[in-house]
>>> print(open('model15.txt').read())   # compact mmCIF, C-alpha atoms
# COMPACT_ATOMS: atom_id res chain seq x y z
CA MET G 1 57.73 138.03 99.58
CA ASP G 2 58.30 139.32 103.12
CA THR G 3 60.30 142.41 104.13
CA ASN G 4 63.28 140.39 105.38
CA MET G 5 63.63 138.55 102.06
CA THR G 6 63.33 141.78 100.08
CA ALA G 7 66.10 143.37 102.16
CA LEU G 8 68.33 140.31 101.64
CA LEU G 9 67.87 140.37 97.87
CA CYS G 10 68.59 144.11 97.70
CA LEU G 11 71.71 143.85 99.88
CA ALA G 12 73.08 140.89 97.89
CA PHE G 13 72.52 142.85 94.68
CA VAL G 14 74.19 146.03 95.98
CA ILE G 15 77.19 144.22 97.50
CA ASN G 16 78.00 142.39 94.29
CA LEU G 17 77.25 145.41 92.12
CA ILE G 18 79.82 147.45 94.06
CA GLY G 19 82.33 144.59 93.91
CA ALA G 20 82.04 144.43 90.13
CA LEU G 21 82.29 148.23 89.76
CA ALA G 22 85.54 148.21 91.75
CA TYR G 23 87.31 146.98 88.60
CA ALA G 24 86.37 150.27 86.95
CA ALA G 25 88.54 152.10 89.51
CA ARG G 26 91.60 150.20 88.23
CA ILE G 27 90.84 151.18 84.64
CA ALA G 28 90.32 154.81 85.69
CA GLY G 29 93.67 154.77 87.51
CA VAL G 30 95.47 153.56 84.39
CA ARG G 31 93.67 156.10 82.20
CA THR G 32 94.48 159.06 84.46
CA GLY G 33 97.94 157.81 85.49
CA ARG G 34 97.05 158.27 89.17
CA ILE G 35 97.30 154.73 90.44
CA ALA G 36 97.50 155.58 94.16
CA MET G 37 94.34 157.70 93.98
CA SER G 38 92.52 154.96 92.11
CA PHE G 39 93.40 152.50 94.90
CA ALA G 40 92.00 154.96 97.45
CA LEU G 41 88.75 155.05 95.48
CA PHE G 42 88.83 151.26 95.24
CA ASN G 43 89.15 151.07 99.03
CA VAL G 44 86.10 153.33 99.46
CA LEU G 45 84.04 150.97 97.31
CA LEU G 46 85.38 148.03 99.28
CA LEU G 47 84.41 149.65 102.59
CA VAL G 48 80.87 150.34 101.38
CA SER G 49 80.58 146.75 100.21
CA ARG G 50 81.89 145.38 103.53
CA LEU G 51 79.48 147.64 105.47
CA ALA G 52 76.54 146.31 103.47
CA ASN G 53 77.83 142.77 103.98
CA GLY G 54 77.86 143.41 107.73
CA PHE G 55 74.09 143.90 107.59
CA LEU G 56 73.52 140.93 105.27
CA ALA G 57 74.86 138.13 107.51
CA PRO G 58 72.70 138.97 110.58
CA LEU G 59 69.59 139.26 108.41
CA VAL G 60 70.28 135.85 106.86
CA ALA G 61 70.89 134.36 110.32
CA LYS G 62 67.63 135.89 111.57
CA ARG G 63 65.77 134.22 108.70
CA VAL G 64 67.21 130.84 109.69
CA GLU G 65 66.25 131.43 113.34
CA ASN G 66 62.69 132.35 112.32
CA SER G 67 62.49 129.25 110.14
CA LEU G 68 63.65 127.00 112.99
CA ALA G 69 61.06 128.63 115.24
CA GLY G 70 58.32 127.91 112.68
CA GLN G 71 57.67 131.60 111.95
CA ILE G 72 58.60 131.18 108.26
CA THR G 73 57.04 128.46 106.12
CA THR G 74 58.94 129.05 102.87
CA ASN G 75 61.58 126.62 101.58
CA LEU G 76 64.80 127.95 103.07
CA GLU G 77 67.07 126.43 100.41
CA THR G 78 65.02 128.17 97.72
CA ASP G 79 65.38 131.46 99.60
CA PHE G 80 69.17 131.06 99.71
CA ARG G 81 69.31 130.26 96.01
CA MET G 82 67.25 133.37 95.26
CA ILE G 83 69.80 135.43 97.22
CA LEU G 84 72.63 133.84 95.21
CA LEU G 85 70.72 134.65 92.02
CA SER G 86 70.43 138.27 93.18
CA ALA G 87 74.22 138.27 93.67
CA PHE G 88 74.63 137.05 90.08
CA VAL G 89 72.35 139.81 88.77
CA GLY G 90 74.34 142.36 90.79
CA VAL G 91 77.63 141.27 89.21
CA LEU G 92 76.06 141.25 85.74
CA ALA G 93 74.70 144.78 86.25
CA GLY G 94 78.12 145.89 87.51
CA LEU G 95 79.86 144.54 84.39
CA ILE G 96 77.40 146.38 82.16
CA LEU G 97 78.01 149.60 84.09
CA VAL G 98 81.85 149.34 84.14
CA PRO G 99 82.37 151.64 81.08
CA THR G 100 80.13 154.31 82.64
CA ALA G 101 81.69 153.88 86.09
CA GLN G 102 85.28 154.10 84.85
CA ARG G 103 84.51 157.44 83.16
CA MET G 104 82.89 158.70 86.35
CA PHE G 105 85.82 157.49 88.45
CA ALA G 106 88.28 159.17 86.07
CA HIS G 107 86.44 162.48 86.60
CA ALA G 108 86.45 161.89 90.37
CA ILE G 109 90.18 161.13 90.44
CA GLU G 110 90.96 164.29 88.45
CA ALA G 111 88.69 166.35 90.70
CA VAL G 112 90.31 165.16 93.94
CA GLN G 113 93.65 166.87 93.16
CA PRO G 114 92.55 170.52 93.59
CA ARG G 115 90.24 169.74 96.52
CA GLN G 116 92.58 167.38 98.38
CA SER G 117 89.46 165.65 99.73
CA LEU G 118 87.83 162.51 98.42
CA ALA G 119 84.75 163.10 100.62
CA ARG G 120 84.13 166.57 99.13
CA THR G 121 84.63 165.19 95.64
CA LEU G 122 82.06 162.46 96.23
CA LEU G 123 79.57 164.97 97.61
CA ARG G 124 80.10 167.09 94.49
CA GLY G 125 78.79 164.13 92.51
CA LEU G 126 75.32 164.93 93.90
CA SER G 127 75.42 168.48 92.54
CA PRO G 128 73.99 169.53 89.14
CA ASP G 129 77.54 169.45 87.68
CA GLY G 130 78.00 165.94 89.00
CA LEU G 131 74.72 164.79 87.46
CA ARG G 132 75.75 166.40 84.15
CA ILE G 133 79.03 164.44 84.21
CA LEU G 134 77.04 161.27 84.92
CA ARG G 135 74.80 161.93 81.93
CA THR G 136 77.76 162.48 79.60
CA SER G 137 79.61 159.44 80.97
CA ILE G 138 76.91 156.90 80.18
CA SER G 139 78.30 154.20 77.91
CA VAL G 140 77.68 150.56 77.09
CA PRO G 141 80.30 147.79 76.96
CA ALA G 142 81.93 147.34 73.56
CA ARG G 143 82.58 143.88 72.17
CA ALA G 144 86.16 144.94 71.42
CA SER G 145 86.72 145.36 75.18
CA VAL G 146 86.47 141.58 75.55
CA GLY G 147 88.06 140.50 72.29
CA LYS G 148 87.72 137.19 70.51
CA GLU G 149 90.52 135.47 72.42
CA LYS G 150 91.81 135.42 75.98
CA PRO G 151 94.52 138.06 76.57
CA ARG G 152 98.02 136.59 76.61
CA GLU G 153 98.66 138.37 79.91
CA LEU G 154 96.15 136.09 81.65
CA THR G 155 96.44 132.35 82.10
CA TRP G 156 93.52 129.97 82.43
CA GLY G 157 94.84 129.16 85.89
CA ILE G 158 94.45 132.78 87.00
CA LEU G 159 90.92 132.95 85.62
CA ALA G 160 89.98 129.63 87.24
CA ALA G 161 91.45 130.71 90.58
CA ASN G 162 89.50 133.96 90.46
CA CYS G 163 86.31 132.07 89.58
CA VAL G 164 86.73 129.69 92.53
CA ALA G 165 87.72 132.49 94.93
CA GLN G 166 84.70 134.61 94.00
CA ALA G 167 82.39 131.58 94.30
CA LEU G 168 83.71 130.86 97.81
CA LEU G 169 83.36 134.51 98.85
CA VAL G 170 79.75 134.56 97.66
CA VAL G 171 78.76 131.21 99.14
CA GLY G 172 80.85 131.16 102.34
CA VAL G 173 78.52 132.96 104.76
CA PHE G 174 75.35 131.53 103.21
CA ALA G 175 76.59 127.92 103.31
CA ALA G 176 77.75 128.28 106.92
CA ILE G 177 74.44 129.73 108.09
CA TYR G 178 72.44 127.14 106.14
CA ALA G 179 74.61 124.44 107.72
CA GLY G 180 73.33 125.70 111.05
CA TYR G 181 69.81 125.11 109.78
CA LEU G 182 70.69 121.56 108.70
CA ASN G 183 72.23 120.84 112.12
CA PRO G 184 70.74 123.32 114.64
CA GLU G 185 72.62 121.74 117.55
CA TYR G 186 75.91 123.15 116.21
CA ARG G 187 74.63 126.21 114.34
CA VAL G 188 76.90 128.65 116.21
CA THR G 189 79.94 126.49 115.40
CA ALA G 190 78.83 126.19 111.77
CA SER G 191 78.35 129.96 111.39
CA GLN G 192 81.89 130.60 112.65
CA LEU G 193 83.32 128.26 109.99
CA SER G 194 82.39 130.82 107.33
CA ALA G 195 85.63 132.60 108.27
CA VAL G 196 87.58 129.51 107.15
CA VAL G 197 85.85 129.45 103.75
CA ASN G 198 86.26 133.19 103.23
CA GLY G 199 89.85 133.03 104.47
CA PHE G 200 90.75 130.42 101.86
CA ALA G 201 89.14 132.57 99.14
CA THR G 202 91.00 135.65 100.38
CA ILE G 203 94.31 133.76 100.24
CA LEU G 204 93.59 132.84 96.60
CA LEU G 205 92.88 136.49 95.79
CA PHE G 206 95.91 137.95 97.57
CA LEU G 207 98.38 135.28 96.43
CA PHE G 208 97.38 134.95 92.79
CA ILE G 209 94.83 137.45 91.49
CA ASP G 210 95.72 140.81 93.05
CA PRO G 211 99.50 140.50 92.45
CA HIS G 212 98.86 139.59 88.82
CA LEU G 213 96.56 142.57 88.31
CA SER G 214 99.11 144.82 90.02
CA VAL G 215 101.84 143.63 87.64
CA LEU G 216 99.54 144.30 84.67
CA THR G 217 98.82 147.78 86.03
CA ASP G 218 102.53 148.54 86.41
CA ASP G 219 103.22 147.25 82.89
CA VAL G 220 100.64 149.67 81.45
CA VAL G 221 102.09 152.60 83.42
CA ASP G 222 105.60 151.65 82.21
CA GLY G 223 104.42 151.42 78.61
CA LYS G 224 105.02 147.66 78.32
CA GLN G 225 101.33 147.00 77.72
CA SER G 226 98.62 149.05 76.05
CA GLU G 227 95.60 150.42 77.86
CA SER G 228 93.30 148.44 75.55
CA SER G 229 95.00 145.16 76.47
CA PHE G 230 94.62 146.05 80.16
CA ARG G 231 90.89 146.70 79.65
CA ARG G 232 90.53 143.33 77.93
CA ALA G 233 92.30 141.64 80.84
CA ILE G 234 89.94 143.34 83.32
CA ALA G 235 86.96 142.29 81.17
CA TRP G 236 88.05 138.64 81.32
CA ILE G 237 88.68 138.84 85.06
CA SER G 238 85.19 140.33 85.43
CA ILE G 239 83.65 137.52 83.39
CA SER G 240 85.42 134.96 85.59
CA ARG G 241 83.88 136.71 88.60
CA LEU G 242 80.46 136.38 86.97
CA ALA G 243 81.13 132.68 86.37
CA GLY G 244 82.06 132.40 90.05
CA THR G 245 78.60 133.59 91.12
CA LEU G 246 77.12 130.81 88.97
CA LEU G 247 79.53 128.28 90.47
CA ALA G 248 78.33 129.41 93.91
CA GLN G 249 74.93 127.91 93.12
CA ALA G 250 76.55 124.50 92.54
CA LEU G 251 78.79 124.78 95.62
CA PHE G 252 76.11 125.98 98.03
CA LEU G 253 74.61 122.69 99.20
CA PRO G 254 77.86 120.62 99.12
CA ALA G 255 79.61 123.40 101.08
CA ALA G 256 76.81 123.48 103.68
CA ILE G 257 76.97 119.68 104.10
CA ALA G 258 80.78 119.83 104.41
CA ILE G 259 80.50 122.52 107.09
CA VAL G 260 77.98 120.37 109.00
CA TRP G 261 80.48 117.50 108.90
CA VAL G 262 83.35 119.70 110.12
CA ALA G 263 81.17 121.20 112.87
CA ASN G 264 80.35 117.72 114.13
CA LEU G 265 83.99 116.63 113.82
CA ILE G 266 85.52 119.41 115.86
>>> encode(input="model15.txt", output="structure tokens")
Amino acid sequence: MDTNMTALLCLAFVINLIGALAYAARIAGVRTGRIAMSFALFNVLLLVSRLANGFLAPLVAKRVENSLAGQITTNLETDFRMILLSAFVGVLAGLILVPTAQRMFAHAIEAVQPRQSLARTLLRGLSPDGLRILRTSISVPARASVGKEKPRELTWGILAANCVAQALLVVGVFAAIYAGYLNPEYRVTASQLSAVVNGFATILLFLFIDPHLSVLTDDVVDGKQSESSFRRAIAWISISRLAGTLLAQALFLPAAIAIVWVANLI
């Protein structure tokens, strides 16, 4: 495995790990009662994820360019599917680490108040005290956090929409760049169509998923729902995200072919 491929696998893992851990910030906000601070922490995780994603797309594009130039002899579709598999592993690792992360985030949220600085609080996490808190926060997911049945607060439609949205977000850039490999004549046009795929996924998230989670968060703060039911809802949303990364494998090639068709059409 060459250096470029290793970097792609690591970036895909980290991006999706951070995305999955972001749910822990919501749980920490409910537990501490500081919702606004939890959203600030959520935004930090989102920024780190987006920064890593900014490096991922050019590296993937460079691999396609090298393959078209004959500098890489590996099967490019297999490489893309390995990257998607790394994304799946990243989400799975994130879900396993959510209980530990939400305890760490709860400590961070509480520590921000006297310091009035999120940056200083995050740097404190590298100190001996921060490492001690990490050691005492380690926990594994409990089966009760998922429950035997789907929470009443969530509909199958919400879970399906989240699954599809996450699949499109994972596959969007990869399918568009691979479409450029399938039809090199329009590879620049094809790469730009990733914004359409990601835009549709973002609309799904902002219209259906995020408002629903916000309502659930407000209900817990107002005492209309219990914290345990909120954790179960987050667990099911997380599982639907994991299912979305599997769905991305099935959507990858059809999406790339569809993008080739659209690139030729326009």
>>> atom_distance(input="model15.txt", atom1="atom CA of Ala243 of chain G", atom2="atom CA of Cys163 of chain G")
6.1 Å
>>> atom_distance(input="model15.txt", atom1="atom CA of Ile158 of chain G", atom2="atom CA of Ile259 of chain G")
26.5 Å
>>> closest_residue(input="model15.txt", among="G:Tyr181, G:Tyr186, G:Phe39, G:Phe80", to="Ala25 of chain G", atoms="only C-alpha atoms")
G:Phe39
>>> residues_around(input="model15.txt", residues="Ser226 of chain G", least_positions_apart="3", cutoff="12 Å", atoms="all atoms listed in the file", output="number ranges by chain")
G: 27, 30-31, 151, 153, 216-223, 229-233
>>> closest_residue(input="model15.txt", among="G:Asn264, G:Asn66, G:Gln249, G:Ser240", to="Leu154 of chain G", atoms="all atoms listed in the file")
G:Ser240
>>> closest_residue(input="model15.txt", among="G:Arg81, G:Arg63, G:Arg26, G:Lys150", to="Gln102 of chain G", atoms="only C-alpha atoms")
G:Arg26
>>> closest_residue(input="model15.txt", among="G:Val64, G:Leu207, G:Leu169, G:Ala101", to="Asn16 of chain G", atoms="only C-alpha atoms")
G:Leu169
>>> atom_distance(input="model15.txt", atom1="atom CA of Leu242 of chain G", atom2="atom CA of Asp210 of chain G")
17.0 Å
>>> closest_residue(input="model15.txt", among="G:Ala106, G:Val170, G:Ala175, G:Ala69", to="Gly19 of chain G", atoms="all atoms listed in the file")
G:Val170
>>> closest_residue(input="model15.txt", among="G:Asn75, G:Ser238, G:Gln192, G:Thr245", to="Val164 of chain G", atoms="all atoms listed in the file")
G:Thr245
>>> build_atoms(input="model15.txt", residues="segment 219-252 of chain G", atoms="N, CA and C atoms", output="mmCIF file, in the coordinates of the input")
data_model
loop_
_atom_site.group_PDB
_atom_site.id
_atom_site.type_symbol
_atom_site.label_atom_id
_atom_site.label_comp_id
_atom_site.auth_asym_id
_atom_site.auth_seq_id
_atom_site.Cartn_x
_atom_site.Cartn_y
_atom_site.Cartn_z
ATOM 1 N N ASP G 219 102.758 147.393 84.273
ATOM 2 C CA ASP G 219 103.220 147.250 82.890
ATOM 3 C C ASP G 219 102.585 148.310 81.987
ATOM 4 N N VAL G 220 101.299 148.626 82.246
ATOM 5 C CA VAL G 220 100.640 149.670 81.450
ATOM 6 C C VAL G 220 101.259 151.028 81.744
ATOM 7 N N VAL G 221 101.489 151.307 83.031
ATOM 8 C CA VAL G 221 102.090 152.600 83.420
ATOM 9 C C VAL G 221 103.492 152.740 82.824
ATOM 10 N N ASP G 222 104.246 151.622 82.767
ATOM 11 C CA ASP G 222 105.600 151.650 82.210
ATOM 12 C C ASP G 222 105.637 151.589 80.686
ATOM 13 N N GLY G 223 104.477 151.462 80.066
ATOM 14 C CA GLY G 223 104.420 151.420 78.610
ATOM 15 C C GLY G 223 104.698 150.055 78.009
ATOM 16 N N LYS G 224 104.759 149.007 78.831
ATOM 17 C CA LYS G 224 105.020 147.660 78.320
ATOM 18 C C LYS G 224 103.760 147.018 77.758
ATOM 19 N N GLN G 225 102.607 147.482 78.221
ATOM 20 C CA GLN G 225 101.330 147.000 77.720
ATOM 21 C C GLN G 225 100.445 148.183 77.376
ATOM 22 N N SER G 226 99.530 147.973 76.437
ATOM 23 C CA SER G 226 98.620 149.050 76.050
ATOM 24 C C SER G 226 97.426 149.109 76.994
ATOM 25 N N GLU G 227 96.783 150.264 77.015
ATOM 26 C CA GLU G 227 95.600 150.420 77.860
ATOM 27 C C GLU G 227 94.476 149.504 77.388
ATOM 28 N N SER G 228 94.363 149.303 76.075
ATOM 29 C CA SER G 228 93.300 148.440 75.550
ATOM 30 C C SER G 228 93.498 146.989 75.983
ATOM 31 N N SER G 229 94.747 146.531 76.023
ATOM 32 C CA SER G 229 95.000 145.160 76.470
ATOM 33 C C SER G 229 94.682 145.016 77.961
ATOM 34 N N PHE G 230 94.946 146.076 78.736
ATOM 35 C CA PHE G 230 94.620 146.050 80.160
ATOM 36 C C PHE G 230 93.104 145.977 80.349
ATOM 37 N N ARG G 231 92.347 146.738 79.549
ATOM 38 C CA ARG G 231 90.890 146.700 79.650
ATOM 39 C C ARG G 231 90.355 145.316 79.292
ATOM 40 N N ARG G 232 90.962 144.683 78.284
ATOM 41 C CA ARG G 232 90.530 143.330 77.930
ATOM 42 C C ARG G 232 90.800 142.349 79.069
ATOM 43 N N ALA G 233 91.966 142.509 79.707
ATOM 44 C CA ALA G 233 92.300 141.640 80.840
ATOM 45 C C ALA G 233 91.287 141.817 81.976
ATOM 46 N N ILE G 234 90.922 143.063 82.278
ATOM 47 C CA ILE G 234 89.940 143.340 83.320
ATOM 48 C C ILE G 234 88.581 142.754 82.942
ATOM 49 N N ALA G 235 88.235 142.843 81.644
ATOM 50 C CA ALA G 235 86.960 142.290 81.170
ATOM 51 C C ALA G 235 86.913 140.780 81.402
ATOM 52 N N TRP G 236 88.014 140.092 81.120
ATOM 53 C CA TRP G 236 88.050 138.640 81.320
ATOM 54 C C TRP G 236 88.027 138.279 82.798
ATOM 55 N N ILE G 237 88.722 139.061 83.615
ATOM 56 C CA ILE G 237 88.680 138.840 85.060
ATOM 57 C C ILE G 237 87.242 139.044 85.568
ATOM 58 N N SER G 238 86.571 140.055 85.027
ATOM 59 C CA SER G 238 85.190 140.330 85.430
ATOM 60 C C SER G 238 84.266 139.182 85.029
ATOM 61 N N ILE G 239 84.476 138.640 83.841
ATOM 62 C CA ILE G 239 83.650 137.520 83.390
ATOM 63 C C ILE G 239 83.884 136.288 84.272
ATOM 64 N N SER G 240 85.146 136.087 84.690
ATOM 65 C CA SER G 240 85.420 134.960 85.590
ATOM 66 C C SER G 240 84.745 135.169 86.939
ATOM 67 N N ARG G 241 84.611 136.415 87.360
ATOM 68 C CA ARG G 241 83.880 136.710 88.600
ATOM 69 C C ARG G 241 82.402 136.361 88.419
ATOM 70 N N LEU G 242 81.850 136.707 87.260
ATOM 71 C CA LEU G 242 80.460 136.380 86.970
ATOM 72 C C LEU G 242 80.254 134.862 86.973
ATOM 73 N N ALA G 243 81.200 134.143 86.369
ATOM 74 C CA ALA G 243 81.130 132.680 86.370
ATOM 75 C C ALA G 243 81.203 132.135 87.798
ATOM 76 N N GLY G 244 81.959 132.823 88.666
ATOM 77 C CA GLY G 244 82.060 132.400 90.050
ATOM 78 C C GLY G 244 80.735 132.473 90.790
ATOM 79 N N THR G 245 79.913 133.487 90.468
ATOM 80 C CA THR G 245 78.600 133.590 91.120
ATOM 81 C C THR G 245 77.672 132.465 90.667
ATOM 82 N N LEU G 246 77.871 131.980 89.430
ATOM 83 C CA LEU G 246 77.120 130.810 88.970
ATOM 84 C C LEU G 246 77.621 129.539 89.657
ATOM 85 N N LEU G 247 78.940 129.437 89.783
ATOM 86 C CA LEU G 247 79.530 128.280 90.470
ATOM 87 C C LEU G 247 79.064 128.213 91.918
ATOM 88 N N ALA G 248 78.799 129.375 92.515
ATOM 89 C CA ALA G 248 78.330 129.410 93.910
ATOM 90 C C ALA G 248 77.028 128.634 94.078
ATOM 91 N N GLN G 249 76.170 128.668 93.055
ATOM 92 C CA GLN G 249 74.930 127.910 93.120
ATOM 93 C C GLN G 249 75.212 126.413 93.259
ATOM 94 N N ALA G 250 76.209 125.928 92.497
ATOM 95 C CA ALA G 250 76.550 124.500 92.540
ATOM 96 C C ALA G 250 77.254 124.133 93.848
ATOM 97 N N LEU G 251 78.027 125.069 94.411
ATOM 98 C CA LEU G 251 78.790 124.780 95.620
ATOM 99 C C LEU G 251 77.982 124.922 96.899
ATOM 100 N N PHE G 252 76.846 125.608 96.811
ATOM 101 C CA PHE G 252 76.110 125.980 98.030
ATOM 102 C C PHE G 252 75.771 124.782 98.908
#
